[in-house]
file entry-v1.json (JSON, C-alpha atoms)
[["chain", "number", "residue", "atom", "x", "y", "z"],
["A", 709, "MET", "CA", -56.27, 2.38, 173.72],
["A", 710, "THR", "CA", -57.20, 5.48, 175.73],
["A", 711, "SER", "CA", -59.59, 5.98, 178.61],
["A", 712, "LEU", "CA", -62.73, 8.02, 178.03],
["A", 713, "THR", "CA", -62.83, 11.38, 179.79],
["A", 714, "ASP", "CA", -66.05, 12.70, 181.32],
["A", 715, "LYS", "CA", -66.27, 15.05, 178.33],
["A", 716, "ASP", "CA", -65.91, 12.14, 175.91],
["A", 717, "LYS", "CA", -68.70, 10.23, 177.66],
["A", 718, "ALA", "CA", -70.99, 13.27, 177.65],
["A", 719, "THR", "CA", -70.29, 13.85, 173.95],
["A", 720, "VAL", "CA", -71.00, 10.20, 173.09],
["A", 721, "LYS", "CA", -74.26, 10.21, 175.07],
["A", 722, "ALA", "CA", -75.35, 13.47, 173.42],
["A", 723, "LEU", "CA", -74.62, 12.09, 169.95],
["A", 724, "TRP", "CA", -76.35, 8.80, 170.77],
["A", 725, "ALA", "CA", -79.45, 10.70, 171.91],
["A", 726, "LYS", "CA", -79.60, 12.32, 168.46],
["A", 727, "ILE", "CA", -78.93, 9.23, 166.35],
["A", 728, "SER", "CA", -80.37, 6.32, 168.33],
["A", 729, "LYS", "CA", -83.78, 6.54, 166.60],
["A", 730, "SER", "CA", -81.95, 5.73, 163.36],
["A", 731, "ALA", "CA", -79.80, 3.00, 164.91],
["A", 732, "ASP", "CA", -81.28, 0.19, 162.80],
["A", 733, "VAL", "CA", -80.71, 2.10, 159.55],
["A", 734, "ILE", "CA", -77.20, 3.09, 160.62],
["A", 735, "GLY", "CA", -76.33, -0.52, 161.44],
["A", 736, "ALA", "CA", -77.66, -1.91, 158.17],
["A", 737, "ASP", "CA", -75.92, 0.80, 156.12],
["A", 738, "ALA", "CA", -72.61, 0.37, 157.98],
["A", 739, "LEU", "CA", -72.66, -3.40, 157.39],
["A", 740, "ALA", "CA", -73.56, -3.02, 153.72],
["A", 741, "ARG", "CA", -70.75, -0.51, 153.23],
["A", 742, "MET", "CA", -68.29, -2.77, 155.05],
["A", 743, "PHE", "CA", -69.13, -5.63, 152.67],
["A", 744, "ALA", "CA", -68.74, -3.32, 149.65],
["A", 745, "VAL", "CA", -65.50, -1.63, 150.71],
["A", 746, "TYR", "CA", -63.85, -4.56, 152.53],
["A", 747, "PRO", "CA", -65.09, -7.71, 150.76],
["A", 748, "GLN", "CA", -62.92, -9.95, 152.95],
["A", 749, "THR", "CA", -65.37, -9.25, 155.81],
["A", 750, "LYS", "CA", -68.02, -11.22, 153.94],
["A", 751, "THR", "CA", -66.18, -14.40, 154.89],
["A", 752, "TYR", "CA", -67.86, -14.31, 158.29],
["A", 753, "PHE", "CA", -71.31, -14.46, 156.73],
["A", 754, "SER", "CA", -70.97, -17.12, 154.07],
["A", 755, "HIS", "CA", -73.92, -18.89, 155.69],
["A", 756, "TRP", "CA", -76.30, -16.05, 154.78],
["A", 757, "PRO", "CA", -78.58, -16.62, 151.79],
["A", 758, "ASP", "CA", -78.36, -12.94, 150.85],
["A", 759, "MET", "CA", -75.64, -10.39, 151.63],
["A", 760, "SER", "CA", -76.88, -7.58, 149.41],
["A", 761, "PRO", "CA", -77.59, -4.10, 150.83],
["A", 762, "GLY", "CA", -81.16, -3.85, 152.09],
["A", 763, "SER", "CA", -81.56, -7.62, 152.36],
["A", 764, "GLY", "CA", -83.23, -9.26, 155.34],
["A", 765, "PRO", "CA", -80.07, -10.71, 156.89],
["A", 766, "VAL", "CA", -78.12, -7.42, 156.54],
["A", 767, "LYS", "CA", -80.94, -5.38, 158.10],
["A", 768, "ALA", "CA", -81.45, -7.84, 160.95],
["A", 769, "HIS", "CA", -77.76, -8.05, 161.70],
["A", 770, "GLY", "CA", -77.25, -4.29, 161.46],
["A", 771, "LYS", "CA", -79.99, -3.90, 164.07],
["A", 772, "LYS", "CA", -78.28, -6.46, 166.29],
["A", 773, "VAL", "CA", -74.88, -4.77, 166.03],
["A", 774, "MET", "CA", -76.30, -1.34, 166.89],
["A", 775, "GLY", "CA", -78.19, -2.91, 169.77],
["A", 776, "GLY", "CA", -74.74, -3.88, 171.02],
["A", 777, "VAL", "CA", -73.53, -0.29, 170.59],
["A", 778, "ALA", "CA", -76.58, 0.91, 172.55],
["A", 779, "ASP", "CA", -75.67, -1.51, 175.35],
["A", 780, "ALA", "CA", -72.14, -0.14, 175.28],
["A", 781, "VAL", "CA", -73.40, 3.45, 175.65],
["A", 782, "ALA", "CA", -75.42, 2.27, 178.65],
["A", 783, "CYS", "CA", -72.36, 0.68, 180.31],
["A", 784, "ILE", "CA", -69.92, 3.37, 179.19],
["A", 785, "ASP", "CA", -68.52, 3.66, 182.71],
["A", 786, "ASP", "CA", -67.45, 0.00, 182.71],
["A", 787, "LEU", "CA", -67.18, -1.28, 179.16],
["A", 788, "THR", "CA", -65.03, -4.31, 179.99],
["A", 789, "GLY", "CA", -67.45, -5.51, 182.65],
["A", 790, "GLY", "CA", -70.59, -4.60, 180.78],
["A", 791, "LEU", "CA", -69.47, -6.22, 177.52],
["A", 792, "GLN", "CA", -67.99, -9.37, 179.05],
["A", 793, "ALA", "CA", -70.66, -11.69, 177.68],
["A", 794, "LYS", "CA", -70.35, -10.12, 174.22],
["A", 795, "SER", "CA", -66.59, -10.49, 174.40],
["A", 796, "GLU", "CA", -66.93, -14.19, 175.18],
["A", 797, "LEU", "CA", -69.34, -14.54, 172.25],
["A", 798, "HIS", "CA", -66.92, -12.86, 169.82],
["A", 799, "ALA", "CA", -63.91, -14.71, 171.23],
["A", 800, "PHE", "CA", -65.10, -18.27, 171.54],
["A", 801, "LYS", "CA", -68.04, -18.58, 169.19],
["A", 802, "LEU", "CA", -67.75, -15.99, 166.42],
["A", 803, "ARG", "CA", -63.95, -15.70, 166.44],
["A", 804, "VAL", "CA", -63.97, -12.43, 164.54],
["A", 805, "ASP", "CA", -60.45, -11.14, 163.96],
["A", 806, "PRO", "CA", -60.31, -7.99, 166.11],
["A", 807, "ALA", "CA", -58.84, -6.00, 163.21],
["A", 808, "ASN", "CA", -62.35, -6.03, 161.80],
["A", 809, "PHE", "CA", -63.69, -4.04, 164.74],
["A", 810, "LYS", "CA", -61.69, -1.07, 163.46],
["A", 811, "THR", "CA", -63.03, -1.64, 159.95],
["A", 812, "LEU", "CA", -66.66, -1.70, 161.09],
["A", 813, "SER", "CA", -66.04, 1.31, 163.36],
["A", 814, "HIS", "CA", -64.82, 3.30, 160.34],
["A", 815, "CYS", "CA", -67.95, 2.35, 158.40],
["A", 816, "ILE", "CA", -70.18, 3.38, 161.31],
["A", 817, "ASN", "CA", -68.37, 6.74, 161.41],
["A", 818, "VAL", "CA", -68.89, 7.18, 157.65],
["A", 819, "VAL", "CA", -72.63, 6.48, 157.99],
["A", 820, "ILE", "CA", -73.06, 8.89, 160.89],
["A", 821, "SER", "CA", -71.13, 11.59, 158.98],
["A", 822, "ASN", "CA", -73.28, 10.88, 155.92],
["A", 823, "MET", "CA", -76.61, 11.00, 157.78],
["A", 824, "PHE", "CA", -75.79, 13.66, 160.40],
["A", 825, "PRO", "CA", -73.11, 15.89, 158.79],
["A", 826, "LYS", "CA", -73.81, 18.89, 161.00],
["A", 827, "ASP", "CA", -73.58, 16.85, 164.20],
["A", 828, "PHE", "CA", -70.49, 14.78, 163.37],
["A", 829, "THR", "CA", -68.02, 17.61, 163.91],
["A", 830, "PRO", "CA", -64.30, 16.82, 164.42],
["A", 831, "GLU", "CA", -64.77, 17.09, 168.20],
["A", 832, "VAL", "CA", -67.71, 14.70, 168.21],
["A", 833, "HIS", "CA", -65.84, 12.42, 165.78],
["A", 834, "VAL", "CA", -62.81, 12.06, 168.05],
["A", 835, "ALA", "CA", -64.94, 11.30, 171.13],
["A", 836, "PHE", "CA", -67.04, 8.74, 169.27],
["A", 837, "ASP", "CA", -63.99, 7.16, 167.64],
["A", 838, "LYS", "CA", -62.37, 6.81, 171.09],
["A", 839, "PHE", "CA", -65.60, 5.23, 172.31],
["A", 840, "LEU", "CA", -65.72, 2.71, 169.46],
["A", 841, "ALA", "CA", -62.03, 1.92, 170.02],
["A", 842, "SER", "CA", -62.77, 1.30, 173.72],
["A", 843, "VAL", "CA", -65.72, -0.90, 172.79],
["A", 844, "SER", "CA", -63.48, -2.84, 170.38],
["A", 845, "LEU", "CA", -60.91, -3.29, 173.13],
["A", 846, "ALA", "CA", -63.57, -4.53, 175.57],
["A", 847, "LEU", "CA", -64.87, -6.92, 172.91],
["A", 848, "SER", "CA", -61.34, -8.29, 172.45],
["A", 849, "ASP", "CA", -60.81, -8.72, 176.18],
["A", 850, "LYS", "CA", -61.60, -12.43, 176.36],
["A", 851, "TYR", "CA", -59.77, -13.40, 173.17],
["A", 852, "ARG", "CA", -56.57, -14.66, 174.79],
["B", 74, "MET", "CA", -51.34, -2.89, 137.46],
["B", 75, "VAL", "CA", -54.56, -1.75, 139.08],
["B", 76, "GLU", "CA", -57.71, -2.60, 137.16],
["B", 77, "TRP", "CA", -60.48, -0.03, 137.22],
["B", 78, "THR", "CA", -64.05, -0.68, 136.20],
["B", 79, "ASP", "CA", -65.93, 1.96, 134.18],
["B", 80, "PHE", "CA", -68.02, 2.64, 137.26],
["B", 81, "GLU", "CA", -64.92, 3.24, 139.37],
["B", 82, "ARG", "CA", -63.34, 5.58, 136.83],
["B", 83, "ALA", "CA", -66.55, 7.56, 136.43],
["B", 84, "THR", "CA", -67.09, 7.73, 140.18],
["B", 85, "ILE", "CA", -63.62, 9.13, 140.89],
["B", 86, "GLN", "CA", -63.89, 11.77, 138.15],
["B", 87, "ASP", "CA", -67.35, 12.67, 139.39],
["B", 88, "ILE", "CA", -66.40, 13.08, 143.03],
["B", 89, "PHE", "CA", -63.38, 15.26, 142.30],
["B", 90, "SER", "CA", -65.34, 17.43, 139.86],
["B", 91, "LYS", "CA", -68.04, 18.06, 142.45],
["B", 92, "ILE", "CA", -66.18, 18.69, 145.72],
["B", 93, "ASP", "CA", -65.15, 22.20, 146.75],
["B", 94, "TYR", "CA", -61.41, 21.89, 147.34],
["B", 95, "ASP", "CA", -61.35, 24.96, 149.58],
["B", 96, "ILE", "CA", -63.89, 23.34, 151.91],
["B", 97, "VAL", "CA", -63.01, 19.66, 151.76],
["B", 98, "GLY", "CA", -59.22, 20.13, 151.93],
["B", 99, "PRO", "CA", -59.15, 22.26, 155.08],
["B", 100, "ALA", "CA", -61.92, 20.20, 156.72],
["B", 101, "THR", "CA", -60.02, 16.97, 156.09],
["B", 102, "LEU", "CA", -56.67, 18.08, 157.46],
["B", 103, "ALA", "CA", -58.30, 19.79, 160.45],
["B", 104, "ARG", "CA", -60.31, 16.65, 161.23],
["B", 105, "CYS", "CA", -57.18, 14.50, 160.97],
["B", 106, "LEU", "CA", -55.29, 16.74, 163.41],
["B", 107, "VAL", "CA", -58.23, 16.66, 165.88],
["B", 108, "VAL", "CA", -59.07, 12.96, 165.66],
["B", 109, "TYR", "CA", -55.46, 11.73, 165.42],
["B", 110, "PRO", "CA", -53.56, 14.39, 167.37],
["B", 111, "TRP", "CA", -50.18, 12.66, 167.00],
["B", 112, "CYS", "CA", -50.27, 13.80, 163.36],
["B", 113, "GLN", "CA", -49.63, 17.28, 164.69],
["B", 114, "ARG", "CA", -45.98, 16.30, 165.03],
["B", 115, "TYR", "CA", -45.48, 17.21, 161.37],
["B", 116, "PHE", "CA", -46.90, 20.70, 161.75],
["B", 117, "GLY", "CA", -44.81, 22.19, 164.54],
["B", 118, "ASN", "CA", -44.56, 25.54, 162.78],
["B", 119, "PHE", "CA", -48.29, 25.91, 162.12],
["B", 120, "GLY", "CA", -48.93, 27.95, 165.26],
["B", 121, "ASN", "CA", -52.02, 27.40, 167.42],
["B", 122, "LEU", "CA", -53.17, 23.76, 167.33],
["B", 123, "TYR", "CA", -54.16, 23.61, 171.00],
["B", 124, "ASN", "CA", -57.77, 22.56, 170.57],
["B", 125, "ALA", "CA", -60.31, 21.62, 167.93],
["B", 126, "ALA", "CA", -61.58, 25.19, 167.51],
["B", 127, "ALA", "CA", -58.04, 26.52, 167.03],
["B", 128, "ILE", "CA", -57.20, 23.78, 164.53],
["B", 129, "SER", "CA", -60.41, 24.29, 162.54],
["B", 130, "SER", "CA", -59.81, 28.05, 162.27],
["B", 131, "ASN", "CA", -56.05, 27.90, 161.69],
["B", 132, "PRO", "CA", -55.30, 29.50, 158.28],
["B", 133, "MET", "CA", -52.10, 27.47, 157.78],
["B", 134, "VAL", "CA", -54.05, 24.25, 158.29],
["B", 135, "ALA", "CA", -56.66, 25.43, 155.81],
["B", 136, "LYS", "CA", -54.07, 26.39, 153.19],
["B", 137, "HIS", "CA", -52.20, 23.12, 153.57],
["B", 138, "GLY", "CA", -55.39, 21.08, 153.48],
["B", 139, "THR", "CA", -56.21, 22.53, 150.08],
["B", 140, "ILE", "CA", -52.67, 21.79, 148.85],
["B", 141, "ILE", "CA", -52.93, 18.15, 149.97],
["B", 142, "LEU", "CA", -56.28, 17.69, 148.25],
["B", 143, "HIS", "CA", -54.95, 19.16, 145.01],
["B", 144, "GLY", "CA", -52.11, 16.66, 145.37],
["B", 145, "LEU", "CA", -54.69, 14.00, 144.59],
["B", 146, "ASP", "CA", -55.45, 15.62, 141.22],
["B", 147, "ARG", "CA", -52.50, 13.99, 139.54],
["B", 148, "ALA", "CA", -53.80, 10.57, 140.53],
["B", 149, "VAL", "CA", -57.29, 11.48, 139.30],
["B", 150, "LYS", "CA", -55.74, 12.40, 135.93],
["B", 151, "ASN", "CA", -53.42, 9.35, 135.79],
["B", 152, "MET", "CA", -55.47, 6.52, 137.24],
["B", 153, "ASP", "CA", -53.62, 3.94, 135.15],
["B", 154, "ASP", "CA", -50.20, 4.83, 136.53],
["B", 155, "ILE", "CA", -50.65, 6.18, 140.04],
["B", 156, "LYS", "CA", -47.57, 4.29, 141.19],
["B", 157, "ASN", "CA", -45.13, 6.27, 139.03],
["B", 158, "THR", "CA", -47.15, 9.46, 139.33],
["B", 159, "TYR", "CA", -46.30, 9.61, 143.02],
["B", 160, "ALA", "CA", -42.69, 8.38, 142.90],
["B", 161, "GLU", "CA", -41.30, 11.87, 143.49],
["B", 162, "LEU", "CA", -43.84, 12.78, 146.19],
["B", 163, "SER", "CA", -43.10, 9.48, 147.90],
["B", 164, "VAL", "CA", -39.42, 10.32, 148.11],
["B", 165, "LEU", "CA", -40.33, 13.77, 149.44],
["B", 166, "HIS", "CA", -42.55, 12.35, 152.20],
["B", 167, "SER", "CA", -39.88, 9.83, 153.15],
["B", 168, "GLU", "CA", -36.61, 11.72, 152.83],
["B", 169, "LYS", "CA", -37.59, 15.28, 153.56],
["B", 170, "LEU", "CA", -40.87, 15.28, 155.49],
["B", 171, "HIS", "CA", -40.22, 11.99, 157.38],
["B", 172, "VAL", "CA", -43.93, 11.18, 157.56],
["B", 173, "ASP", "CA", -44.85, 7.74, 158.94],
["B", 174, "PRO", "CA", -46.77, 6.18, 156.02],
["B", 175, "ASP", "CA", -49.41, 4.83, 158.45],
["B", 176, "ASN", "CA", -50.54, 8.44, 158.73],
["B", 177, "PHE", "CA", -51.56, 8.48, 155.06],
["B", 178, "LYS", "CA", -54.35, 6.04, 155.86],
["B", 179, "LEU", "CA", -55.52, 8.18, 158.77],
["B", 180, "LEU", "CA", -55.78, 11.19, 156.46],
["B", 181, "THR", "CA", -57.66, 9.28, 153.75],
["B", 182, "ASP", "CA", -60.10, 7.89, 156.35],
["B", 183, "CYS", "CA", -60.83, 11.49, 157.37],
["B", 184, "LEU", "CA", -61.23, 12.48, 153.71],
["B", 185, "THR", "CA", -63.76, 9.67, 153.25],
["B", 186, "ILE", "CA", -65.72, 10.87, 156.26],
["B", 187, "VAL", "CA", -65.69, 14.52, 155.08],
["B", 188, "VAL", "CA", -66.80, 13.56, 151.56],
["B", 189, "ALA", "CA", -69.51, 11.32, 153.07],
["B", 190, "GLY", "CA", -70.75, 14.35, 154.98],
["B", 191, "GLN", "CA", -70.78, 16.45, 151.82],
["B", 192, "MET", "CA", -72.36, 14.08, 149.33],
["B", 193, "GLY", "CA", -75.38, 12.83, 151.25],
["B", 194, "LYS", "CA", -77.37, 10.12, 149.51],
["B", 195, "ALA", "CA", -75.06, 10.16, 146.49],
["B", 196, "PHE", "CA", -72.31, 8.59, 148.63],
["B", 197, "THR", "CA", -73.58, 5.03, 148.33],
["B", 198, "GLY", "CA", -71.68, 1.93, 149.43],
["B", 199, "GLU", "CA", -70.51, 1.33, 145.85],
["B", 200, "VAL", "CA", -69.28, 4.92, 145.54],
["B", 201, "GLN", "CA", -67.50, 4.60, 148.88],
["B", 202, "ALA", "CA", -65.85, 1.36, 147.72],
["B", 203, "ALA", "CA", -64.55, 3.03, 144.54],
["B", 204, "PHE", "CA", -63.36, 6.07, 146.48],
["B", 205, "GLN", "CA", -61.55, 4.04, 149.14],
["B", 206, "LYS", "CA", -59.99, 1.77, 146.50],
["B", 207, "PHE", "CA", -58.63, 4.86, 144.73],
["B", 208, "LEU", "CA", -57.30, 6.30, 148.01],
["B", 209, "ALA", "CA", -55.73, 2.95, 148.94],
["B", 210, "VAL", "CA", -53.79, 2.94, 145.66],
["B", 211, "VAL", "CA", -52.62, 6.51, 146.33],
["B", 212, "VAL", "CA", -51.55, 5.57, 149.87],
["B", 213, "THR", "CA", -49.62, 2.51, 148.66],
["B", 214, "SER", "CA", -47.88, 4.58, 145.96],
["B", 215, "LEU", "CA", -46.90, 7.28, 148.44],
["B", 216, "GLY", "CA", -45.34, 4.66, 150.69],
["B", 217, "ARG", "CA", -43.44, 2.89, 147.93],
["B", 218, "GLN", "CA", -40.18, 4.86, 147.95],
["B", 219, "TYR", "CA", -39.60, 4.54, 151.69],
["B", 220, "HIS", "CA", -36.57, 2.57, 152.78]]
call {"tool": "encode", "arguments": {"input": "entry-v1.json", "output": "structure tokens"}}
result
Amino acid sequence: MTSLTDKDKATVKALWAKISKSADVIGADALARMFAVYPQTKTYFSHWPDMSPGSGPVKAHGKKVMGGVADAVACIDDLTGGLQAKSELHAFKLRVDPANFKTLSHCINVVISNMFPKDFTPEVHVAFDKFLASVSLALSDKYR
Amino acid sequence: MVEWTDFERATIQDIFSKIDYDIVGPATLARCLVVYPWCQRYFGNFGNLYNAAAISSNPMVAKHGTIILHGLDRAVKNMDDIKNTYAELSVLHSEKLHVDPDNFKLLTDCLTIVVAGQMGKAFTGEVQAAFQKFLAVVVTSLGRQYH
């Protein structure tokens, strides 16, 4: 969508420094909320024995997803290059409809706002939302 | 017709009885104008919207944010007929204000994030689902009279 300015990148890194200790919790909560608010997203996980909030699979997968976000923060200067392998995974193996990246991004934003209300100001929100949109774009890169 | 569970009805009444309209309204509209700056096209006469600080301290934004939030009251009071409740407002947004209905969703996403920031642990996944379902019905109803 848009390119990240130096200010955006600095804002994202500063926010990440504050929230990264809680990354696992954020990921699990974002996933659980996504399943509750957008039940159609559960179709990708029909092979899980348990999709309830706080369950083993949700926690493990939330941790994995936020690990991906951490990797994206680390390669913020070249998201397309840095996320190429993840893009191939999502494109050829997982085949997640890219519309869902926006859905999960919204849920991540909600969790961060909920857990860190004083830090998730409108200015931080716009920078982080741009970042997640750029990550989503990089993840969609190999789709077609 | 939209079916509401008892939990959903109770949740919506609860949220709207607890939030401070004069805080949540302004915060929501300001956030929308910062995060989705193209929405500023509808507020050309609101004065200084040049940066986030200006938007967040703009008194016209604050006043209008409160008005918008109170606009949701009629849906809160008429959950079983939101569609007809907003027929007139839908025409207004289409014919007079010329607002792209996609923008309604942007505003309600910001409202969700503001309320999430306000309610802390009480804003569980189930509460969020009820809240977003309610807002989705409002958004659909507001877009219904466009042609």
call {"tool": "closest_residue", "arguments": {"input": "entry-v1.json", "among": "B:Val211, B:Leu162, B:Leu145, B:Ala202", "to": "chain A", "atoms": "only C-alpha atoms"}}
result
B:Ala202
call {"tool": "axis_aligned_box", "arguments": {"input": "entry-v1.json", "around": "segment 82-101 of chain B", "padding_each_side": "3 Å", "output": "AutoDock Vina command-line options"}}
result
--center_x -63.6 --center_y 15.3 --center_z 146.6 --size_x 14.9 --size_y 25.4 --size_z 26.3
call {"tool": "atom_distance", "arguments": {"input": "entry-v1.json", "atom1": "atom CA of Lys136 of chain B", "atom2": "atom CA of Pro99 of chain B"}}
result
6.8 Å
call {"tool": "residues_around", "arguments": {"input": "entry-v1.json", "residues": "Thr78 of chain B", "least_positions_apart": "5", "cutoff": "10 Å", "atoms": "all atoms listed in the file", "output": "PyMOL selection string"}}
result
chain B and resi 83-84+203
call {"tool": "atom_distance", "arguments": {"input": "entry-v1.json", "atom1": "atom CA of Lys178 of chain B", "atom2": "atom CA of Lys771 of chain A"}}
result
28.7 Å
call {"tool": "interface_residues", "arguments": {"input": "entry-v1.json", "of": "chain B", "to": "chain A", "cutoff": "8 Å", "atoms": "all atoms listed in the file", "output": "list in words"}}
result
Ala103, Arg104, Val107, Val108, Tyr109, Ala125, Asp182, Thr185, Ile186, Val187, Ala189, Gly190, Gln191, Met192, Gly193, Lys194, Phe196, Thr197, Gly198, Glu199, Gln201, Ala202, Ala203, Gln205 and Lys206 of chain B
call {"tool": "residues_near_point", "arguments": {"input": "entry-v1.json", "point": "(-80.0, -5.5, 163.6)", "cutoff": "12 Å", "atoms": "only C-alpha atoms", "output": "ChimeraX atom specification"}}
result
/A:730-739,762-778
call {"tool": "closest_residue", "arguments": {"input": "entry-v1.json", "among": "B:Thr139, B:Gln113, B:Asn118, B:Asn124", "to": "Tyr94 of chain B", "atoms": "only C-alpha atoms"}}
result
B:Thr139
call {"tool": "atom_distance", "arguments": {"input": "entry-v1.json", "atom1": "atom CA of Leu840 of chain A", "atom2": "atom CA of Ser813 of chain A"}}
result
6.3 Å
call {"tool": "closest_residue", "arguments": {"input": "entry-v1.json", "among": "A:Val843, A:Leu812, A:Ile727, A:Ala718", "to": "Gly790 of chain A", "atoms": "only C-alpha atoms"}}
result
A:Val843
call {"tool": "closest_residue", "arguments": {"input": "entry-v1.json", "among": "A:Ser842, A:Tyr752, A:Ala722, A:Ser728", "to": "Asp785 of chain A", "atoms": "only C-alpha atoms"}}
result
A:Ser842
call {"tool": "residues_around", "arguments": {"input": "entry-v1.json", "residues": "Asp95 of chain B", "least_positions_apart": "2", "cutoff": "10 Å", "atoms": "all atoms listed in the file", "output": "list in words"}}
result
Ile92, Asp93, Val97, Gly98, Pro99, Ala100, Ala135, Lys136, Gly138, Thr139, Ile140, Leu142 and His143 of chain B
call {"tool": "residues_around", "arguments": {"input": "entry-v1.json", "residues": "Thr788 of chain A", "least_positions_apart": "2", "cutoff": "12 Å", "atoms": "all atoms listed in the file", "output": "MDAnalysis selection string"}}
result
chainID A and resid 711 779:780 783:786 790:796 842:850
call {"tool": "closest_residue", "arguments": {"input": "entry-v1.json", "among": "A:Lys726, A:Lys717, A:Leu712, A:Tyr851", "to": "Leu802 of chain A", "atoms": "all atoms listed in the file"}}
result
A:Tyr851
call {"tool": "closest_residue", "arguments": {"input": "entry-v1.json", "among": "B:Val172, B:Met152, B:Val75, B:Val164", "to": "Phe116 of chain B", "atoms": "all atoms listed in the file"}}
result
B:Val172
call {"tool": "decode", "arguments": {"input": "entry-v1.json", "residues": "segment 117-131 of chain B", "atoms": "N, CA, C and O atoms", "output": "PDB file, in the first residue's frame"}}
result
ATOM      1  N   GLY B 117     -13.653  19.357   5.335  1.00  0.00           N
ATOM      2  CA  GLY B 117     -12.880  20.477   4.785  1.00  0.00           C
ATOM      3  C   GLY B 117     -13.025  21.765   5.566  1.00  0.00           C
ATOM      4  O   GLY B 117     -12.109  22.582   5.583  1.00  0.00           O
ATOM      5  N   ASN B 118     -14.168  21.933   6.250  1.00  0.00           N
ATOM      6  CA  ASN B 118     -14.390  23.186   6.979  1.00  0.00           C
ATOM      7  C   ASN B 118     -14.103  23.053   8.467  1.00  0.00           C
ATOM      8  O   ASN B 118     -14.555  23.876   9.266  1.00  0.00           O
ATOM      9  N   PHE B 119     -13.353  22.008   8.848  1.00  0.00           N
ATOM     10  CA  PHE B 119     -13.073  21.802  10.269  1.00  0.00           C
ATOM     11  C   PHE B 119     -11.807  22.499  10.731  1.00  0.00           C
ATOM     12  O   PHE B 119     -11.408  22.370  11.880  1.00  0.00           O
ATOM     13  N   GLY B 120     -11.134  23.235   9.828  1.00  0.00           N
ATOM     14  CA  GLY B 120      -9.952  23.978  10.263  1.00  0.00           C
ATOM     15  C   GLY B 120      -8.696  23.125  10.245  1.00  0.00           C
ATOM     16  O   GLY B 120      -8.448  22.371   9.312  1.00  0.00           O
ATOM     17  N   ASN B 121      -7.898  23.226  11.310  1.00  0.00           N
ATOM     18  CA  ASN B 121      -6.567  22.627  11.342  1.00  0.00           C
ATOM     19  C   ASN B 121      -6.609  21.112  11.555  1.00  0.00           C
ATOM     20  O   ASN B 121      -6.902  20.633  12.650  1.00  0.00           O
ATOM     21  N   LEU B 122      -6.311  20.361  10.460  1.00  0.00           N
ATOM     22  CA  LEU B 122      -6.213  18.902  10.560  1.00  0.00           C
ATOM     23  C   LEU B 122      -4.840  18.469  10.050  1.00  0.00           C
ATOM     24  O   LEU B 122      -4.680  17.381   9.508  1.00  0.00           O
ATOM     25  N   TYR B 123      -3.835  19.318  10.225  1.00  0.00           N
ATOM     26  CA  TYR B 123      -2.554  19.099   9.553  1.00  0.00           C
ATOM     27  C   TYR B 123      -1.723  17.967  10.130  1.00  0.00           C
ATOM     28  O   TYR B 123      -0.873  17.409   9.464  1.00  0.00           O
ATOM     29  N   ASN B 124      -1.909  17.667  11.407  1.00  0.00           N
ATOM     30  CA  ASN B 124      -1.155  16.562  11.986  1.00  0.00           C
ATOM     31  C   ASN B 124      -1.972  15.963  13.120  1.00  0.00           C
ATOM     32  O   ASN B 124      -3.038  16.477  13.477  1.00  0.00           O
ATOM     33  N   ALA B 125      -1.451  14.857  13.668  1.00  0.00           N
ATOM     34  CA  ALA B 125      -2.204  14.121  14.684  1.00  0.00           C
ATOM     35  C   ALA B 125      -2.536  14.995  15.891  1.00  0.00           C
ATOM     36  O   ALA B 125      -3.643  14.951  16.433  1.00  0.00           O
ATOM     37  N   ALA B 126      -1.556  15.813  16.320  1.00  0.00           N
ATOM     38  CA  ALA B 126      -1.786  16.661  17.500  1.00  0.00           C
ATOM     39  C   ALA B 126      -2.906  17.662  17.235  1.00  0.00           C
ATOM     40  O   ALA B 126      -3.774  17.892  18.080  1.00  0.00           O
ATOM     41  N   ALA B 127      -2.894  18.255  16.025  1.00  0.00           N
ATOM     42  CA  ALA B 127      -3.927  19.234  15.664  1.00  0.00           C
ATOM     43  C   ALA B 127      -5.294  18.574  15.623  1.00  0.00           C
ATOM     44  O   ALA B 127      -6.284  19.120  16.119  1.00  0.00           O
ATOM     45  N   ILE B 128      -5.348  17.383  15.017  1.00  0.00           N
ATOM     46  CA  ILE B 128      -6.623  16.660  14.903  1.00  0.00           C
ATOM     47  C   ILE B 128      -7.167  16.324  16.287  1.00  0.00           C
ATOM     48  O   ILE B 128      -8.350  16.532  16.571  1.00  0.00           O
ATOM     49  N   SER B 129      -6.267  15.802  17.152  1.00  0.00           N
ATOM     50  CA  SER B 129      -6.711  15.347  18.475  1.00  0.00           C
ATOM     51  C   SER B 129      -7.144  16.496  19.372  1.00  0.00           C
ATOM     52  O   SER B 129      -7.880  16.270  20.333  1.00  0.00           O
ATOM     53  N   SER B 130      -6.687  17.747  19.063  1.00  0.00           N
ATOM     54  CA  SER B 130      -7.093  18.873  19.907  1.00  0.00           C
ATOM     55  C   SER B 130      -8.085  19.792  19.218  1.00  0.00           C
ATOM     56  O   SER B 130      -8.435  20.842  19.735  1.00  0.00           O
ATOM     57  N   ASN B 131      -8.544  19.380  18.028  1.00  0.00           N
ATOM     58  CA  ASN B 131      -9.485  20.207  17.262  1.00  0.00           C
ATOM     59  C   ASN B 131     -10.888  20.135  17.875  1.00  0.00           C
ATOM     60  O   ASN B 131     -11.479  19.048  17.943  1.00  0.00           O
TER      61      ASN B 131
END
